[in-house]
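Reproduced below: target-v9.cif, with mmCIF, C-alpha atoms.
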data_data
#
loop_
_atom_site.group_PDB
_atom_site.id
_atom_site.type_symbol
_atom_site.label_atom_id
_atom_site.label_comp_id
_atom_site.auth_asym_id
_atom_site.auth_seq_id
_atom_site.Cartn_x
_atom_site.Cartn_y
_atom_site.Cartn_z
ATOM 1 C CA MET A 1 165.215 39.127 108.435
ATOM 2 C CA HIS A 2 161.859 38.096 109.858
ATOM 3 C CA THR A 3 160.000 39.268 112.929
ATOM 4 C CA GLU A 4 160.439 37.268 116.106
ATOM 5 C CA LEU A 5 157.939 34.436 116.197
ATOM 6 C CA THR A 6 156.851 33.988 119.780
ATOM 7 C CA SER A 7 154.013 31.472 119.652
ATOM 8 C CA LEU A 8 153.514 28.086 118.035
ATOM 9 C CA GLN A 9 150.616 29.570 116.098
ATOM 10 C CA ASP A 10 152.929 32.314 114.733
ATOM 11 C CA ILE A 11 155.517 29.730 113.700
ATOM 12 C CA HIS A 12 152.911 27.521 112.024
ATOM 13 C CA GLU A 13 151.386 30.474 110.182
ATOM 14 C CA HIS A 14 154.760 31.759 109.002
ATOM 15 C CA LEU A 15 156.095 28.423 107.782
ATOM 16 C CA TRP A 16 153.018 27.943 105.572
ATOM 17 C CA LYS A 17 153.438 31.490 104.230
ATOM 18 C CA GLU A 18 157.064 30.714 103.363
ATOM 19 C CA LEU A 19 156.027 27.495 101.616
ATOM 20 C CA GLY A 20 153.444 29.446 99.615
ATOM 21 C CA ARG A 21 156.075 31.999 98.605
ATOM 22 C CA ALA A 22 158.492 29.262 97.599
ATOM 23 C CA CYS A 23 156.277 27.877 94.870
ATOM 24 C CA LEU A 24 155.888 31.381 93.380
ATOM 25 C CA ASP A 25 159.411 32.795 93.821
ATOM 26 C CA ARG A 26 162.090 31.074 91.709
ATOM 27 C CA HIS A 27 164.771 32.404 94.079
ATOM 28 C CA HIS A 28 163.207 31.222 97.319
ATOM 29 C CA GLU A 29 165.458 28.653 99.010
ATOM 30 C CA TRP A 30 162.553 26.284 99.611
ATOM 31 C CA ARG A 31 161.643 26.141 95.910
ATOM 32 C CA GLN A 32 164.157 23.323 95.508
ATOM 33 C CA PHE A 33 163.820 20.727 98.231
ATOM 34 C CA THR A 34 164.865 17.160 98.948
ATOM 35 C CA LEU A 35 162.341 14.365 98.509
ATOM 36 C CA ALA A 36 163.410 11.239 100.408
ATOM 37 C CA SER A 37 161.580 7.952 99.990
ATOM 38 C CA ALA A 38 162.181 4.216 100.083
ATOM 39 C CA GLY A 39 163.937 2.967 96.971
ATOM 40 C CA MET A 40 162.937 -0.220 95.200
ATOM 41 C CA ASP A 41 165.648 -1.936 97.304
ATOM 42 C CA ASN A 42 163.952 -0.573 100.487
ATOM 43 C CA LYS A 43 166.922 1.724 101.161
ATOM 44 C CA VAL A 44 166.557 5.486 101.454
ATOM 45 C CA ASN A 45 166.656 7.356 98.171
ATOM 46 C CA ALA A 46 166.776 11.160 97.993
ATOM 47 C CA ARG A 47 166.626 13.668 95.168
ATOM 48 C CA THR A 48 166.013 17.366 94.605
ATOM 49 C CA VAL A 49 162.628 18.382 93.206
ATOM 50 C CA ILE A 50 160.865 21.708 92.644
ATOM 51 C CA LEU A 51 157.960 22.877 94.788
ATOM 52 C CA ARG A 52 155.162 23.643 92.319
ATOM 53 C CA HIS A 53 152.052 24.113 94.429
ATOM 54 C CA VAL A 54 151.074 24.553 98.078
ATOM 55 C CA ASP A 55 147.534 24.003 99.328
ATOM 56 C CA ARG A 56 147.448 24.906 102.992
ATOM 57 C CA ILE A 57 143.769 24.061 103.433
ATOM 58 C CA SER A 58 144.284 20.436 102.408
ATOM 59 C CA ALA A 59 147.899 20.370 103.721
ATOM 60 C CA ARG A 60 149.284 19.355 100.326
ATOM 61 C CA LEU A 61 152.598 20.121 98.647
ATOM 62 C CA GLU A 62 153.205 19.267 94.986
ATOM 63 C CA ALA A 63 156.064 18.639 92.601
ATOM 64 C CA TYR A 64 156.117 17.388 89.007
ATOM 65 C CA SER A 65 157.929 14.430 87.491
ATOM 66 C CA ASP A 66 158.298 12.334 84.385
ATOM 67 C CA SER A 67 155.987 9.385 85.078
ATOM 68 C CA ARG A 68 158.755 6.973 83.981
ATOM 69 C CA SER A 69 161.148 8.275 86.648
ATOM 70 C CA PRO A 70 162.298 5.696 89.208
ATOM 71 C CA LYS A 71 160.956 7.928 92.002
ATOM 72 C CA VAL A 72 157.421 7.463 90.664
ATOM 73 C CA SER A 73 157.696 3.656 90.892
ATOM 74 C CA GLU A 74 159.203 3.998 94.369
ATOM 75 C CA ILE A 75 156.382 6.249 95.564
ATOM 76 C CA ILE A 76 153.731 3.936 94.151
ATOM 77 C CA LYS A 77 155.380 0.999 95.965
ATOM 78 C CA ASP A 78 155.693 2.880 99.282
ATOM 79 C CA PRO A 79 153.908 6.249 99.554
ATOM 80 C CA HIS A 80 155.661 7.323 102.785
ATOM 81 C CA ALA A 81 158.187 10.094 102.166
ATOM 82 C CA LEU A 82 159.920 13.039 103.753
ATOM 83 C CA PHE A 83 160.377 16.517 102.279
ATOM 84 C CA LEU A 84 163.429 18.377 103.574
ATOM 85 C CA PHE A 85 163.635 22.166 103.217
ATOM 86 C CA TRP A 86 166.521 24.440 104.304
ATOM 87 C CA SER A 87 166.626 28.254 104.236
ATOM 88 C CA LYS A 88 169.881 30.023 105.001
ATOM 89 C CA ARG A 89 168.027 33.359 105.002
ATOM 90 C CA LEU A 90 165.667 32.200 107.752
ATOM 91 C CA ASN A 91 168.038 29.677 109.341
ATOM 92 C CA TRP A 92 165.106 27.275 109.209
ATOM 93 C CA GLN A 93 164.924 23.601 108.463
ATOM 94 C CA LEU A 94 161.607 21.859 107.789
ATOM 95 C CA ARG A 95 161.305 18.108 107.837
ATOM 96 C CA THR A 96 157.863 17.306 106.508
ATOM 97 C CA LYS A 97 156.496 13.768 106.717
ATOM 98 C CA VAL A 98 154.031 13.053 103.929
ATOM 99 C CA THR A 99 152.097 10.327 102.223
ATOM 100 C CA MET A 100 152.409 10.570 98.465
ATOM 101 C CA THR A 101 149.936 10.271 95.625
ATOM 102 C CA VAL A 102 150.955 10.151 91.961
ATOM 103 C CA LEU A 103 148.544 11.613 89.402
ATOM 104 C CA THR A 104 149.095 10.768 85.726
ATOM 105 C CA SER A 105 145.574 11.365 84.419
ATOM 106 C CA GLY A 106 142.335 13.042 85.354
ATOM 107 C CA PRO A 107 140.994 16.588 85.239
ATOM 108 C CA TYR A 108 143.457 18.071 87.742
ATOM 109 C CA GLU A 109 146.559 16.616 86.077
ATOM 110 C CA GLU A 110 145.221 17.573 82.636
ATOM 111 C CA SER A 111 144.592 21.192 83.693
ATOM 112 C CA LEU A 112 148.183 21.444 84.977
ATOM 113 C CA TRP A 113 149.561 19.846 81.810
ATOM 114 C CA ALA A 114 147.628 22.376 79.697
ATOM 115 C CA ARG A 115 149.695 25.127 81.371
ATOM 116 C CA VAL A 116 153.018 23.259 81.442
ATOM 117 C CA LYS A 117 152.860 22.280 77.758
ATOM 118 C CA GLN A 118 152.911 25.986 76.849
ATOM 119 C CA SER A 119 156.308 26.385 78.533
ATOM 120 C CA ALA A 120 159.864 25.289 77.813
ATOM 121 C CA ALA A 121 159.501 22.795 80.693
ATOM 122 C CA ALA A 122 157.169 20.702 78.522
ATOM 123 C CA ARG A 123 160.217 19.100 76.888
ATOM 124 C CA ASP A 124 161.029 17.486 80.259
ATOM 125 C CA TYR A 125 157.836 15.421 80.029
ATOM 126 C CA MET A 126 157.785 14.705 76.294
ATOM 127 C CA SER A 127 161.180 13.127 75.684
ATOM 128 C CA ALA A 128 161.129 9.712 74.028
ATOM 129 C CA SER A 129 163.900 8.714 76.472
ATOM 130 C CA SER A 130 163.035 7.939 80.037
ATOM 131 C CA PRO A 131 164.897 9.582 82.943
ATOM 132 C CA GLY A 132 168.238 7.887 83.503
ATOM 133 C CA SER A 133 168.740 6.899 79.861
ATOM 134 C CA PRO A 134 172.373 7.087 78.698
ATOM 135 C CA LEU A 135 173.352 10.510 77.347
ATOM 136 C CA ASN A 136 174.532 9.002 74.086
ATOM 137 C CA ASP A 137 171.046 7.636 73.483
ATOM 138 C CA SER A 138 169.984 9.255 70.194
ATOM 139 C CA SER A 139 166.323 9.032 71.201
ATOM 140 C CA SER A 140 166.943 11.629 73.934
ATOM 141 C CA GLN A 141 166.533 14.348 71.320
ATOM 142 C CA LYS A 142 163.271 12.926 69.982
ATOM 143 C CA MET A 143 160.048 14.318 71.354
ATOM 144 C CA LYS A 144 156.561 12.954 71.475
ATOM 145 C CA ASP A 145 153.772 14.943 69.839
ATOM 146 C CA ASN A 146 152.299 17.869 71.792
ATOM 147 C CA ASP A 147 149.282 15.933 73.087
ATOM 148 C CA SER A 148 151.274 12.962 74.355
ATOM 149 C CA ASN A 149 153.377 13.226 77.495
ATOM 150 C CA PHE A 150 154.818 11.551 80.570
ATOM 151 C CA PHE A 151 153.734 14.295 82.974
ATOM 152 C CA ALA A 152 152.986 13.287 86.564
ATOM 153 C CA VAL A 153 151.952 15.308 89.603
ATOM 154 C CA LEU A 154 153.517 14.186 92.889
ATOM 155 C CA GLN A 155 151.279 15.180 95.778
ATOM 156 C CA GLY A 156 152.623 15.077 99.318
ATOM 157 C CA HIS A 157 149.852 15.034 101.900
ATOM 158 C CA VAL A 158 151.421 16.550 105.016
ATOM 159 C CA LEU A 159 151.123 14.493 108.196
ATOM 160 C CA GLU A 160 153.781 16.119 110.360
ATOM 161 C CA VAL A 161 156.067 19.152 110.234
ATOM 162 C CA ASP A 162 159.246 19.354 112.293
ATOM 163 C CA TRP A 163 160.461 22.987 112.319
ATOM 164 C CA LEU A 164 163.955 23.900 113.486
ATOM 165 C CA GLU A 165 165.337 27.428 113.786
ATOM 166 C CA LEU A 166 169.080 27.821 114.248
ATOM 167 C CA SER A 167 169.991 30.971 116.176
ATOM 168 C CA LYS A 168 172.862 32.418 118.191
ATOM 169 C CA LYS A 169 170.246 33.104 120.877
ATOM 170 C CA GLY A 170 169.494 29.386 121.030
ATOM 171 C CA HIS A 171 167.981 26.903 118.637
ATOM 172 C CA ARG A 172 164.223 26.370 118.693
ATOM 173 C CA ARG A 173 162.199 23.413 117.524
ATOM 174 C CA ALA A 174 158.484 22.807 117.086
ATOM 175 C CA LYS A 175 156.532 19.847 115.790
ATOM 176 C CA PHE A 176 153.075 20.062 114.248
ATOM 177 C CA ILE A 177 150.996 16.936 113.709
ATOM 178 C CA GLY A 178 147.699 16.817 111.888
ATOM 179 C CA SER A 179 145.966 17.362 108.624
ATOM 180 C CA SER A 180 144.025 20.139 106.966
ATOM 181 C CA SER A 181 143.488 22.987 109.425
ATOM 182 C CA GLU A 182 143.560 20.714 112.488
ATOM 183 C CA TRP A 183 147.111 20.896 113.867
ATOM 184 C CA MET A 184 148.493 20.207 117.290
ATOM 185 C CA THR A 185 151.850 20.054 118.958
ATOM 186 C CA PRO A 186 152.793 16.866 120.781
#
Translate the structure described by the file into structure tokens.
Amino acid sequence: MHTELTSLQDIHEHLWKELGRACLDRHHEWRQFTLASAGMDNKVNARTVILRHVDRISARLEAYSDSRSPKVSEIIKDPHALFLFWSKRLNWQLRTKVTMTVLTSGPYEESLWARVKQSAAARDYMSASSPGSPLNDSSSQKMKDNDSNFFAVLQGHVLEVDWLELSKKGHRRAKFIGSSSEWMTP
């Protein structure tokens, strides 16, 4: 288990450490999280994505996607989203309000793609079929050439973190609002 966190500063520090671990440890419970956003019909849409990068200094969390995915169009239409994390080990829930940015070109995206294209995951971003295509679609097996892809970086710029710890001793909740290294509790 973890040491008792007694101050808001301790909680804030520890939750960012756990987020950093999650993007490195395939077995961390926060590696897979729920991304909720407004669908094209303006109703809530949620899906599971993988935490790929955490930048505490700029308060940014990242996931990857096929740029043709419906979630990319939804995020471009309305960049407000919520990331939901749950850890049974910690008994912690994080609800993280973010504004999203989608990167499909540029030096940063290209440097990430250079690493991803060396892995088996590259196939996820090179399929001739877009996400949601019927399984019997014969083009789903076709791949684009190695330099062409549909890779997108989804960046969530953290605006607010709502932390909840469930405990037999009593549940605790803390909210952190801010950006970069400037955080406060309401």
Near-stretch 115-125 of chain A list (6 Å; all atoms listed in the file; drop same-chain fewer than 3 positions) as a PyMOL selection string
chain A and resi 66+112+149-151
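Within the 10 Å cut-off around A:Gly156, using all atoms listed in the file and omitting residues fewer than 5 positions from it on the same chain, the listed residues are Leu35, Val54, Ala59, Arg60, Leu61, Glu62, Ala63, Pro79, His80, Ala81, Leu82, Phe83, Thr96, Lys97, Val98, Thr99, Met100, Thr101 and Val102 of chain A.
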Could you spell out the hits of the PyMOL selection byres ((chain A and resi 20-30) around 9) on the shown file, as a count of residues only?
21
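Distances here use only C-alpha atoms; by that measure, the residue among A:Trp92, A:Glu74, A:Ala152, A:Arg47 closest to A:His14 is A:Trp92.
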Please provide as an MDAnalysis selection string all residues within 10 Å of A:Pro70, with the sequence filter that same-chain residues fewer than 3 positions apart are discarded (counting only C-alpha atoms).
chainID A and resid 39:40 65:67 73:75 130:132
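Run against this file, the PyMOL selection byres ((chain A and resi 5) around 12) gives back A:Met1, A:His2, A:Thr3, A:Glu4, A:Thr6, A:Ser7, A:Leu8, A:Gln9, A:Asp10, A:Ile11, A:His12, A:Glu13, A:His14, A:Leu15, A:Leu90, A:Glu165, A:Arg172, A:Arg173, A:Ala174.
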